[in-house]
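Structure first, commentary second.
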Amino acid sequence: MGIDFRDFDKNSSDDSETELTDEDFMDLGPIESDNNDEQDNESDTSDVELPHHEDENKKYDIDEDENEEDEVVKAIKAEKTKPRDHPPAIICEDFIVDISFSPSKNLIALANIMGDVLLYEYNNDETKLVNTFELHVKACRDVEFDDTGDIMFTAGKDKAIIVTDIETGKLKQCYENAHEEAIYSLLCLGNDKFVTGDDGGTVKLWDLRKSNPLFSIKIGEEYVSEMITNDTQKYLVCAGGDGVLTSIDLKGGKIHTTSEEYDAELTCMGLFRSDKILSQKGFYHWRYVQLTIFVILVGKRQIVLPGIIQYHLHQEVPFPISAI
């Protein structure tokens, strides 16, 4: 009993160091391994499940991409088989200054900066170059067809006016040094008559049967950007780089009236509903342009001016209008 007590007392001492034998580790081992196995199983399970979900997502994305590609391919094929409603684009090497459509045939004339005119035939399927006219030594600024579409008028920076037969390609008339300044604009009036305007604000009326202009009139100091008339051809309206609209009496060969000067260049005009002029700054009613002097003297009408602003002759402050 004394020996057992001493052994117990020794082993139970706080100062003693506990020594574990291999048998003790063997006894503790299974407990730790069970916990580790559970953790390993959980981690293995998570590792297996994640790639499975990723594969499903990737497969879903691939299916969506394929569906989108299929829709794109279908749209492309449908567009190719769809009948065209306009001609294909025309690509040119040189800068195009002006274009004009033939009134009688599917022809379009392109005037370029090199002084040439390219004549294209077009339809909804193709565009084909049918002729090239080397006419001017400098930029060809304006090209126009006559009413029949058989004659082409061109004017250039070289101050020349050239009239060409479309079918034969031969020159019908050539006016060298037709203006003192470079010619900027040209308009065919019919009956062998046409008008031209230059960079110095001079307008000339021509007749193909004569070598000299019927009249020459200076309407401003800046270039004449555009000219227009209606079916009666009583008045010619000119837009200028100085921001002024000028109407010319074609029969009298004199200025009929001018508009106020605006702080911007007037670069283009077009007929609108047969009795209005559409400029880049707003609307002019045709009869207002013709009767401006009469209106100014009588003072009973209103004048529609650029910028969609309406002025009354007896008012100093303009007021806006909702429609014209």
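Ordering of the structure tokens sets the chain letters (A, B, ...); residue numbers start at 1 within each chain; ligands are numbered from 1 in the order shown.
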Output as JSON lines one row per residue of stretch 124-155 of chain A within 12 Å of stretch 201-213 of chain A: the closest atom pair and its distance in Å to one decimal place, counting only C-alpha atoms, sorted by chain and residue number ascending.
{"residue": "A:Asp146", "atom": "CA", "partner": "A:Leu208", "partner_atom": "CA", "distance": 11.9}
{"residue": "A:Ile151", "atom": "CA", "partner": "A:Leu208", "partner_atom": "CA", "distance": 11.4}
{"residue": "A:Phe153", "atom": "CA", "partner": "A:Leu208", "partner_atom": "CA", "distance": 10.8}
Output for the residues just chosen: C-alpha atoms as a short mmCIF file (atom, residue, chain, number, x, y, z; two decimals), in the first residue's frame:
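The resulting again-v3.cif:
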data_model
loop_
_atom_site.label_atom_id
_atom_site.label_comp_id
_atom_site.auth_asym_id
_atom_site.auth_seq_id
_atom_site.Cartn_x
_atom_site.Cartn_y
_atom_site.Cartn_z
CA ASP A 146 -30.91 71.47 -118.83
CA ILE A 151 -26.97 69.26 -122.14
CA PHE A 153 -23.55 73.17 -117.85
#
Skip A:Ser104 itself and residues of its chain fewer than 6 positions away, then list as a PyMOL selection string all residues within 10 Å of it, counting only C-alpha atoms.
chain A and resi 145-150
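Among A:Thr257, A:Ser100, A:Asn191, A:Asn230, the residue with the shortest atom-to-atom distance to A:Met152, counting only C-alpha atoms, is A:Ser100.
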Can I get the residues of stretch 196-266 of chain A within 9 Å of stretch 184-188 of chain A, each with the closest pair of atoms and their distance in Å to one decimal, using only C-alpha atoms, sorted chain first then ascending number, as a Markdown table?
| residue | atom | partner | partner_atom | distance |
| --- | --- | --- | --- | --- |
| A:Thr196 | CA | A:Leu186 | CA | 4.4 |
| A:Gly197 | CA | A:Ser185 | CA | 5.1 |
| A:Asp198 | CA | A:Tyr184 | CA | 4.8 |
| A:Asp199 | CA | A:Tyr184 | CA | 6.0 |
| A:Tyr223 | CA | A:Tyr184 | CA | 6.9 |
| A:Val224 | CA | A:Tyr184 | CA | 6.5 |
| A:Ser225 | CA | A:Ser185 | CA | 6.1 |
| A:Glu226 | CA | A:Ser185 | CA | 6.1 |
| A:Met227 | CA | A:Leu187 | CA | 6.6 |
| A:Ile228 | CA | A:Leu187 | CA | 7.4 |
Write out as a PyMOL selection string all residues of stretch 101-279 of chain A that DSSP puts in strand (DSSP E or B) for this structure's backbone.
chain A and resi 101+107-112+116-122+127-134+140-145+151-156+161-165+171-175+183-190+193-198+202-207+215-218+224-228+235-240+245-249+254-258+269-272+276-279
Could you save those same residues with C-alpha atoms as a CSV table (one decimal), in the first residue's frame?
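Contents of the output file result_25.csv:
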chain,number,residue,atom,x,y,z
A,101,PHE,CA,-29.4,64.6,-111.3
A,107,LEU,CA,-27.7,59.7,-114.5
A,108,ILE,CA,-25.9,61.7,-111.8
A,109,ALA,CA,-23.1,64.1,-112.5
A,110,LEU,CA,-20.4,64.6,-109.8
A,111,ALA,CA,-18.2,67.7,-110.1
A,112,ASN,CA,-14.9,67.4,-108.2
A,116,ASP,CA,-13.6,67.0,-113.7
A,117,VAL,CA,-17.2,65.8,-113.9
A,118,LEU,CA,-17.9,62.1,-113.4
A,119,LEU,CA,-21.1,60.8,-115.0
A,120,TYR,CA,-22.6,57.8,-113.3
A,121,GLU,CA,-25.5,55.6,-114.3
A,122,TYR,CA,-27.4,54.1,-111.3
A,127,THR,CA,-23.8,52.3,-109.9
A,128,LYS,CA,-21.6,52.4,-113.0
A,129,LEU,CA,-19.2,55.1,-114.3
A,130,VAL,CA,-20.2,55.8,-117.9
A,131,ASN,CA,-18.0,58.8,-118.7
A,132,THR,CA,-15.4,61.3,-117.3
A,133,PHE,CA,-15.3,64.8,-118.6
A,134,GLU,CA,-12.1,66.7,-118.0
A,140,CYS,CA,-15.5,72.6,-110.9
A,141,ARG,CA,-17.9,74.4,-108.5
A,142,ASP,CA,-21.3,73.9,-110.1
A,143,VAL,CA,-22.8,71.3,-112.5
A,144,GLU,CA,-26.4,71.5,-113.9
A,145,PHE,CA,-28.5,69.7,-116.5
A,151,ILE,CA,-27.0,69.3,-122.1
A,152,MET,CA,-24.7,69.8,-119.1
A,153,PHE,CA,-23.6,73.2,-117.9
A,154,THR,CA,-20.5,73.5,-115.6
A,155,ALA,CA,-18.8,76.5,-114.0
A,156,GLY,CA,-15.4,76.6,-112.3
A,161,ILE,CA,-18.4,78.2,-118.3
A,162,ILE,CA,-18.6,75.0,-120.4
A,163,VAL,CA,-21.6,73.5,-122.1
A,164,THR,CA,-21.3,69.8,-123.0
A,165,ASP,CA,-23.4,67.4,-125.0
A,171,LEU,CA,-18.4,70.9,-126.2
A,172,LYS,CA,-21.3,73.0,-127.5
A,173,GLN,CA,-20.1,76.2,-126.0
A,174,CYS,CA,-17.1,77.5,-123.9
A,175,TYR,CA,-17.0,80.9,-122.3
A,183,ILE,CA,-17.6,81.6,-110.6
A,184,TYR,CA,-19.4,80.1,-107.6
A,185,SER,CA,-22.9,79.2,-108.8
A,186,LEU,CA,-24.9,78.5,-111.9
A,187,LEU,CA,-28.6,78.0,-112.7
A,188,CYS,CA,-30.3,76.8,-115.9
A,189,LEU,CA,-33.5,78.8,-116.8
A,190,GLY,CA,-34.4,76.9,-120.0
A,193,LYS,CA,-30.7,80.7,-121.0
A,194,PHE,CA,-28.8,80.4,-117.7
A,195,VAL,CA,-27.4,82.6,-115.0
A,196,THR,CA,-24.1,82.6,-113.1
A,197,GLY,CA,-22.8,84.2,-109.9
A,198,ASP,CA,-19.2,84.8,-108.8
A,202,THR,CA,-21.8,89.7,-109.7
A,203,VAL,CA,-24.7,88.0,-111.5
A,204,LYS,CA,-24.8,87.5,-115.2
A,205,LEU,CA,-27.6,86.3,-117.5
A,206,TRP,CA,-26.5,84.3,-120.6
A,207,ASP,CA,-28.0,83.1,-123.8
A,215,PHE,CA,-26.8,91.7,-118.6
A,216,SER,CA,-24.4,91.9,-115.7
A,217,ILE,CA,-25.3,93.2,-112.3
A,218,LYS,CA,-23.4,93.5,-109.0
A,224,VAL,CA,-23.3,84.4,-104.7
A,225,SER,CA,-23.9,81.1,-103.0
A,226,GLU,CA,-27.2,80.1,-104.6
A,227,MET,CA,-29.8,81.3,-107.1
A,228,ILE,CA,-33.4,80.2,-107.5
A,235,TYR,CA,-37.6,87.2,-110.5
A,236,LEU,CA,-34.3,85.6,-109.6
A,237,VAL,CA,-33.5,85.3,-105.9
A,238,CYS,CA,-29.9,85.2,-105.0
A,239,ALA,CA,-28.4,84.3,-101.6
A,240,GLY,CA,-25.0,85.8,-100.7
A,245,LEU,CA,-31.2,87.9,-100.1
A,246,THR,CA,-31.5,89.8,-103.4
A,247,SER,CA,-34.2,89.5,-106.0
A,248,ILE,CA,-33.5,90.5,-109.6
A,249,ASP,CA,-36.0,91.5,-112.2
A,254,LYS,CA,-32.0,95.3,-112.4
A,255,ILE,CA,-32.3,94.7,-108.7
A,256,HIS,CA,-35.8,94.4,-107.6
A,257,THR,CA,-35.3,94.3,-103.8
A,258,THR,CA,-33.0,93.2,-101.1
A,269,MET,CA,-32.1,77.7,-100.8
A,270,GLY,CA,-34.9,75.5,-102.1
A,271,LEU,CA,-38.5,75.7,-103.2
A,272,PHE,CA,-41.0,74.6,-100.6
A,276,LYS,CA,-42.1,79.5,-100.5
A,277,ILE,CA,-38.3,79.8,-100.5
A,278,LEU,CA,-36.5,77.7,-97.9
A,279,SER,CA,-33.2,79.0,-96.9
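Atom CA of A:Leu135 lies 10.7 Å from atom CA of A:Gly169.
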